[in-house]
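Listing of query-v4.pdb; format and content: PDB, C-alpha atoms, pLDDT in the B column.
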```
ATOM      1  CA  MET A   1      31.269  66.750 151.129  1.00 52.00           C
ATOM      2  CA  HIS A   2      32.259  70.386 150.683  1.00 49.00           C
ATOM      3  CA  ASN A   3      32.608  70.942 154.464  1.00 50.00           C
ATOM      4  CA  ARG A   4      34.821  67.840 154.817  1.00 45.00           C
ATOM      5  CA  LYS A   5      37.259  69.127 152.180  1.00 49.00           C
ATOM      6  CA  LYS A   6      37.374  72.487 153.917  1.00 45.00           C
ATOM      7  CA  THR A   7      38.112  70.815 157.281  1.00 45.00           C
ATOM      8  CA  VAL A   8      40.926  68.702 155.763  1.00 45.00           C
ATOM      9  CA  PHE A   9      42.341  71.769 154.016  1.00 43.00           C
ATOM     10  CA  THR A  10      42.162  73.825 157.238  1.00 44.00           C
ATOM     11  CA  ALA A  11      43.816  71.030 159.266  1.00 45.00           C
ATOM     12  CA  GLY A  12      46.539  70.682 156.629  1.00 47.00           C
ATOM     13  CA  LEU A  13      47.129  74.413 156.591  1.00 41.00           C
ATOM     14  CA  ALA A  14      47.285  74.507 160.391  1.00 43.00           C
ATOM     15  CA  LEU A  15      49.838  71.659 160.401  1.00 40.00           C
ATOM     16  CA  ALA A  16      51.924  73.437 157.754  1.00 42.00           C
ATOM     17  CA  LEU A  17      51.862  76.661 159.793  1.00 38.00           C
ATOM     18  CA  VAL A  18      52.923  74.793 162.960  1.00 39.00           C
ATOM     19  CA  LEU A  19      55.830  73.128 161.126  1.00 37.00           C
ATOM     20  CA  PHE A  20      56.853  76.460 159.607  1.00 41.00           C
ATOM     21  CA  GLY A  21      56.779  78.012 163.092  1.00 43.00           C
ATOM     22  CA  ILE A  22      59.014  75.247 164.446  1.00 38.00           C
ATOM     23  CA  LEU A  23      61.514  75.840 161.650  1.00 40.00           C
ATOM     24  CA  LEU A  24      61.552  79.568 162.398  1.00 42.00           C
ATOM     25  CA  ALA A  25      61.975  78.929 166.118  1.00 42.00           C
ATOM     26  CA  ALA A  26      64.906  76.526 165.631  1.00 45.00           C
ATOM     27  CA  PRO A  27      67.535  79.277 165.123  1.00 47.00           C
ATOM     28  CA  SER A  28      66.190  81.085 168.189  1.00 46.00           C
ATOM     29  CA  ALA A  29      66.670  77.975 170.303  1.00 45.00           C
ATOM     30  CA  ALA A  30      70.273  77.659 169.112  1.00 44.00           C
ATOM     31  CA  ALA A  31      70.879  81.361 169.716  1.00 42.00           C
ATOM     32  CA  ALA A  32      69.817  80.940 173.336  1.00 72.00           C
ATOM     33  CA  GLU A  33      72.532  78.336 173.986  1.00 97.00           C
ATOM     34  CA  ARG A  34      75.206  79.827 176.223  1.00 98.00           C
ATOM     35  CA  LEU A  35      78.627  78.184 176.352  1.00 98.00           C
ATOM     36  CA  SER A  36      82.029  79.168 177.704  1.00 98.00           C
ATOM     37  CA  ILE A  37      85.671  78.723 176.771  1.00 98.00           C
ATOM     38  CA  SER A  38      86.989  75.533 178.378  1.00 98.00           C
ATOM     39  CA  VAL A  39      90.701  75.889 177.490  1.00 98.00           C
ATOM     40  CA  ASN A  40      93.329  78.432 178.554  1.00 97.00           C
ATOM     41  CA  ALA A  41      93.132  80.268 175.210  1.00 97.00           C
ATOM     42  CA  ALA A  42      90.935  79.656 172.169  1.00 98.00           C
ATOM     43  CA  ASN A  43      91.393  81.021 168.665  1.00 98.00           C
ATOM     44  CA  VAL A  44      88.457  82.833 167.104  1.00 98.00           C
ATOM     45  CA  ARG A  45      88.344  82.447 163.325  1.00 98.00           C
ATOM     46  CA  SER A  46      86.693  84.239 160.418  1.00 98.00           C
ATOM     47  CA  GLY A  47      85.048  81.029 159.204  1.00 98.00           C
ATOM     48  CA  PRO A  48      84.324  77.413 160.189  1.00 98.00           C
ATOM     49  CA  GLY A  49      87.775  75.841 159.782  1.00 98.00           C
ATOM     50  CA  THR A  50      91.465  76.195 160.574  1.00 97.00           C
ATOM     51  CA  GLN A  51      92.082  77.482 157.028  1.00 98.00           C
ATOM     52  CA  TYR A  52      90.260  80.701 157.979  1.00 98.00           C
ATOM     53  CA  ASP A  53      92.093  83.664 159.512  1.00 98.00           C
ATOM     54  CA  MET A  54      92.506  83.815 163.277  1.00 98.00           C
ATOM     55  CA  LEU A  55      90.860  87.062 164.404  1.00 98.00           C
ATOM     56  CA  TRP A  56      91.621  87.083 168.142  1.00 98.00           C
ATOM     57  CA  ARG A  57      91.925  84.805 171.177  1.00 98.00           C
ATOM     58  CA  MET A  58      89.512  84.300 174.057  1.00 98.00           C
ATOM     59  CA  GLU A  59      90.519  83.222 177.550  1.00 98.00           C
ATOM     60  CA  ARG A  60      89.133  80.482 179.770  1.00 98.00           C
ATOM     61  CA  TYR A  61      85.607  81.043 181.133  1.00 98.00           C
ATOM     62  CA  THR A  62      84.672  83.670 178.525  1.00 98.00           C
ATOM     63  CA  PRO A  63      80.938  83.225 177.890  1.00 98.00           C
ATOM     64  CA  LEU A  64      79.425  83.223 174.419  1.00 98.00           C
ATOM     65  CA  ILE A  65      76.037  82.722 172.779  1.00 98.00           C
ATOM     66  CA  VAL A  66      75.735  80.198 169.949  1.00 98.00           C
ATOM     67  CA  ILE A  67      74.153  81.647 166.814  1.00 97.00           C
ATOM     68  CA  SER A  68      74.547  78.591 164.589  1.00 97.00           C
ATOM     69  CA  ARG A  69      76.596  75.452 164.027  1.00 97.00           C
ATOM     70  CA  GLN A  70      78.363  74.039 160.995  1.00 98.00           C
ATOM     71  CA  GLY A  71      79.792  70.583 161.587  1.00 97.00           C
ATOM     72  CA  ASP A  72      82.180  70.795 164.546  1.00 98.00           C
ATOM     73  CA  TRP A  73      82.244  74.601 164.394  1.00 98.00           C
ATOM     74  CA  ILE A  74      80.084  77.138 166.176  1.00 98.00           C
ATOM     75  CA  PHE A  75      79.297  80.670 165.068  1.00 98.00           C
ATOM     76  CA  PHE A  76      78.890  82.799 168.189  1.00 98.00           C
ATOM     77  CA  GLU A  77      78.422  86.258 169.652  1.00 98.00           C
ATOM     78  CA  ASP A  78      80.150  87.584 172.772  1.00 97.00           C
ATOM     79  CA  PHE A  79      79.142  90.223 175.333  1.00 97.00           C
ATOM     80  CA  GLU A  80      80.303  93.035 173.038  1.00 97.00           C
ATOM     81  CA  LYS A  81      78.170  91.658 170.174  1.00 97.00           C
ATOM     82  CA  THR A  82      81.352  90.607 168.338  1.00 97.00           C
ATOM     83  CA  ARG A  83      80.942  87.489 166.214  1.00 98.00           C
ATOM     84  CA  GLY A  84      83.298  84.722 165.159  1.00 98.00           C
ATOM     85  CA  TRP A  85      83.818  81.004 164.675  1.00 98.00           C
ATOM     86  CA  MET A  86      85.303  78.502 167.117  1.00 98.00           C
ATOM     87  CA  HIS A  87      85.773  74.739 167.165  1.00 98.00           C
ATOM     88  CA  ALA A  88      83.229  73.061 169.445  1.00 98.00           C
ATOM     89  CA  ASP A  89      85.978  71.180 171.344  1.00 98.00           C
ATOM     90  CA  LEU A  90      87.079  74.504 172.875  1.00 98.00           C
ATOM     91  CA  VAL A  91      83.816  75.205 174.721  1.00 98.00           C
ATOM     92  CA  ASP A  92      81.560  73.573 177.292  1.00 98.00           C
ATOM     93  CA  LYS A  93      78.508  74.364 179.413  1.00 98.00           C
ATOM     94  CA  THR A  94      80.375  75.607 182.498  1.00 98.00           C
ATOM     95  CA  PRO A  95      78.333  78.520 183.908  1.00 98.00           C
ATOM     96  CA  THR A  96      80.338  81.714 183.509  1.00 98.00           C
ATOM     97  CA  VAL A  97      79.987  85.498 183.517  1.00 98.00           C
ATOM     98  CA  ILE A  98      82.084  88.374 182.198  1.00 98.00           C
ATOM     99  CA  THR A  99      82.408  91.786 183.810  1.00 98.00           C
ATOM    100  CA  THR A 100      80.758  94.675 181.955  1.00 98.00           C
ATOM    101  CA  ALA A 101      81.293  97.584 184.340  1.00 96.00           C
ATOM    102  CA  GLU A 102      84.399  99.750 183.987  1.00 97.00           C
ATOM    103  CA  LEU A 103      85.684  98.567 187.371  1.00 97.00           C
ATOM    104  CA  CYS A 104      84.068  95.855 189.509  1.00 98.00           C
ATOM    105  CA  ASN A 105      84.670  95.325 193.209  1.00 98.00           C
ATOM    106  CA  ILE A 106      85.112  91.654 194.016  1.00 98.00           C
ATOM    107  CA  ARG A 107      84.149  91.116 197.637  1.00 98.00           C
ATOM    108  CA  SER A 108      84.901  88.565 200.358  1.00 98.00           C
ATOM    109  CA  ALA A 109      81.186  87.768 200.794  1.00 98.00           C
ATOM    110  CA  PRO A 110      77.861  88.871 199.302  1.00 98.00           C
ATOM    111  CA  GLY A 111      77.035  92.477 200.208  1.00 98.00           C
ATOM    112  CA  THR A 112      78.328  95.976 199.570  1.00 97.00           C
ATOM    113  CA  ASP A 113      79.419  96.159 203.214  1.00 98.00           C
ATOM    114  CA  LYS A 114      81.877  93.253 202.734  1.00 98.00           C
ATOM    115  CA  GLU A 115      85.621  93.674 202.196  1.00 98.00           C
ATOM    116  CA  ILE A 116      86.843  94.342 198.634  1.00 98.00           C
ATOM    117  CA  ILE A 117      89.482  91.667 198.004  1.00 98.00           C
ATOM    118  CA  PHE A 118      90.318  92.659 194.419  1.00 98.00           C
ATOM    119  CA  GLN A 119      88.956  94.563 191.430  1.00 98.00           C
ATOM    120  CA  ALA A 120      88.315  93.555 187.824  1.00 98.00           C
ATOM    121  CA  GLU A 121      88.074  95.761 184.757  1.00 98.00           C
ATOM    122  CA  SER A 122      85.431  95.263 182.082  1.00 97.00           C
ATOM    123  CA  GLY A 123      85.899  92.082 180.045  1.00 98.00           C
ATOM    124  CA  VAL A 124      87.246  89.739 182.731  1.00 98.00           C
ATOM    125  CA  PRO A 125      85.632  86.271 182.621  1.00 98.00           C
ATOM    126  CA  PHE A 126      84.821  84.184 185.702  1.00 98.00           C
ATOM    127  CA  LYS A 127      83.405  80.747 186.415  1.00 98.00           C
ATOM    128  CA  VAL A 128      80.225  80.834 188.492  1.00 98.00           C
ATOM    129  CA  ILE A 129      80.621  78.785 191.680  1.00 98.00           C
ATOM    130  CA  GLY A 130      77.284  79.692 193.244  1.00 98.00           C
ATOM    131  CA  ARG A 131      74.697  82.385 193.871  1.00 98.00           C
ATOM    132  CA  GLN A 132      73.092  84.063 196.836  1.00 98.00           C
ATOM    133  CA  GLY A 133      70.284  86.376 195.797  1.00 98.00           C
ATOM    134  CA  PRO A 134      71.700  88.932 193.342  1.00 98.00           C
ATOM    135  CA  TRP A 135      75.282  88.044 194.329  1.00 98.00           C
ATOM    136  CA  ILE A 136      77.449  85.642 192.327  1.00 98.00           C
ATOM    137  CA  ASN A 137      80.304  83.615 193.811  1.00 98.00           C
ATOM    138  CA  ILE A 138      82.980  83.596 191.109  1.00 98.00           C
ATOM    139  CA  GLN A 139      86.417  82.160 190.372  1.00 98.00           C
ATOM    140  CA  HIS A 140      88.953  83.437 187.853  1.00 98.00           C
ATOM    141  CA  ALA A 141      91.111  81.054 185.791  1.00 97.00           C
ATOM    142  CA  ASP A 142      94.093  82.019 188.000  1.00 97.00           C
ATOM    143  CA  GLY A 143      92.209  80.732 191.068  1.00 97.00           C
ATOM    144  CA  ASP A 144      91.165  84.052 192.623  1.00 98.00           C
ATOM    145  CA  LYS A 145      87.675  83.818 194.147  1.00 98.00           C
ATOM    146  CA  GLY A 146      85.135  86.268 195.442  1.00 98.00           C
ATOM    147  CA  TRP A 147      81.651  87.699 195.106  1.00 98.00           C
ATOM    148  CA  LEU A 148      80.226  90.308 192.755  1.00 98.00           C
ATOM    149  CA  HIS A 149      76.786  91.712 192.037  1.00 98.00           C
ATOM    150  CA  GLU A 150      74.886  90.357 189.029  1.00 98.00           C
ATOM    151  CA  SER A 151      74.340  93.891 187.697  1.00 98.00           C
ATOM    152  CA  LEU A 152      78.075  94.062 186.874  1.00 98.00           C
ATOM    153  CA  VAL A 153      78.204  91.088 184.502  1.00 98.00           C
ATOM    154  CA  TRP A 154      76.855  89.574 181.282  1.00 98.00           C
TER
END
```
Serialized structure, structure tokens:
Amino acid sequence: MHNRKKTVFTAGLALALVLFGILLAAPSAAAAERLSISVNAANVRSGPGTQYDMLWRMERYTPLIVISRQGDWIFFEDFEKTRGWMHADLVDKTPTVITTAELCNIRSAPGTDKEIIFQAESGVPFKVIGRQGPWINIQHADGDKGWLHESLVW
């Protein structure tokens, strides 16, 4: 009888530890969700509602990482580790990147030997059209397209 109680207790403890682990992992799963701005300009707020101060605006295709959600609002972090709140209607799952190098060469095709068609400073967001190895085919909100190396973006 004593061994049976110990087995039940051990199984119960194991189940409790598994459930606790799932609860701890839940915020990590949300934090891994990457979204992007789906409108021309989106207001970032200090809290989850329009009554909160607008802190700054983000442009179309800017990527962000969801930290948490409160109703229809998401608390996020951007590539500079800046945090804010945004209404969920202003984002979607379009794959995007943002330039992180001081000046990025956008090329006509994948490869450093290809023509530079324009340049982008740090902080310019792009929609991802496709990939070829470490090269990303991108499009800016104004329609400009090209290729850049994945080491230049977040």
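CA of Thr94 (chain A) lies 24.1 Å from CA of Ile117 (chain A).
Run against this file, the PyMOL selection byres ((chain A and resi 99) around 9) gives back Val97, Ile98, Thr100, Ala101, Glu102, Leu103, Cys104, Ala120, Glu121, Ser122, Gly123, Val124, Pro125, Phe126, Leu152, Val153 and Trp154 of chain A.
Applied to this file, the PyMOL selection byres ((chain A and resi 72-74) around 8) selects Pro48, Gly49, Val66, Ile67, Ser68, Arg69, Gln70, Gly71, Phe75, Phe76, Trp85, Met86, His87, Ala88 and Asp89 of chain A.
Here CA of Glu33 (chain A) stands at a distance of 15.0 Å from CA of Lys81 (chain A).
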task: Apply the PyMOL selection byres ((chain A and resi 35) around 8) to the displayed file and report the matching residues as number ranges by chain.
output: A: 33-34, 36-37, 63-66, 91-95
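Of the residues under consideration (A:Phe118, A:Arg45, A:Thr96, A:Leu90), A:Thr96 shows the shortest atom-to-atom contact distance to Glu150 (chain A) when counting only C-alpha atoms.
Nearest to Asp78 (chain A) of all the residues A:Val39, A:Met54, A:Val44, A:Ala109 is A:Val44, based on all atoms listed in the file.
The spacing separating CA of Glu59 (chain A) from CA of Asn40 (chain A) amounts to 5.6 Å.
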statement: Among A:Ala32, A:Ala41, A:Leu148, A:Leu55, Val128 (chain A) is approached most closely, using only C-alpha atoms, by A:Leu148
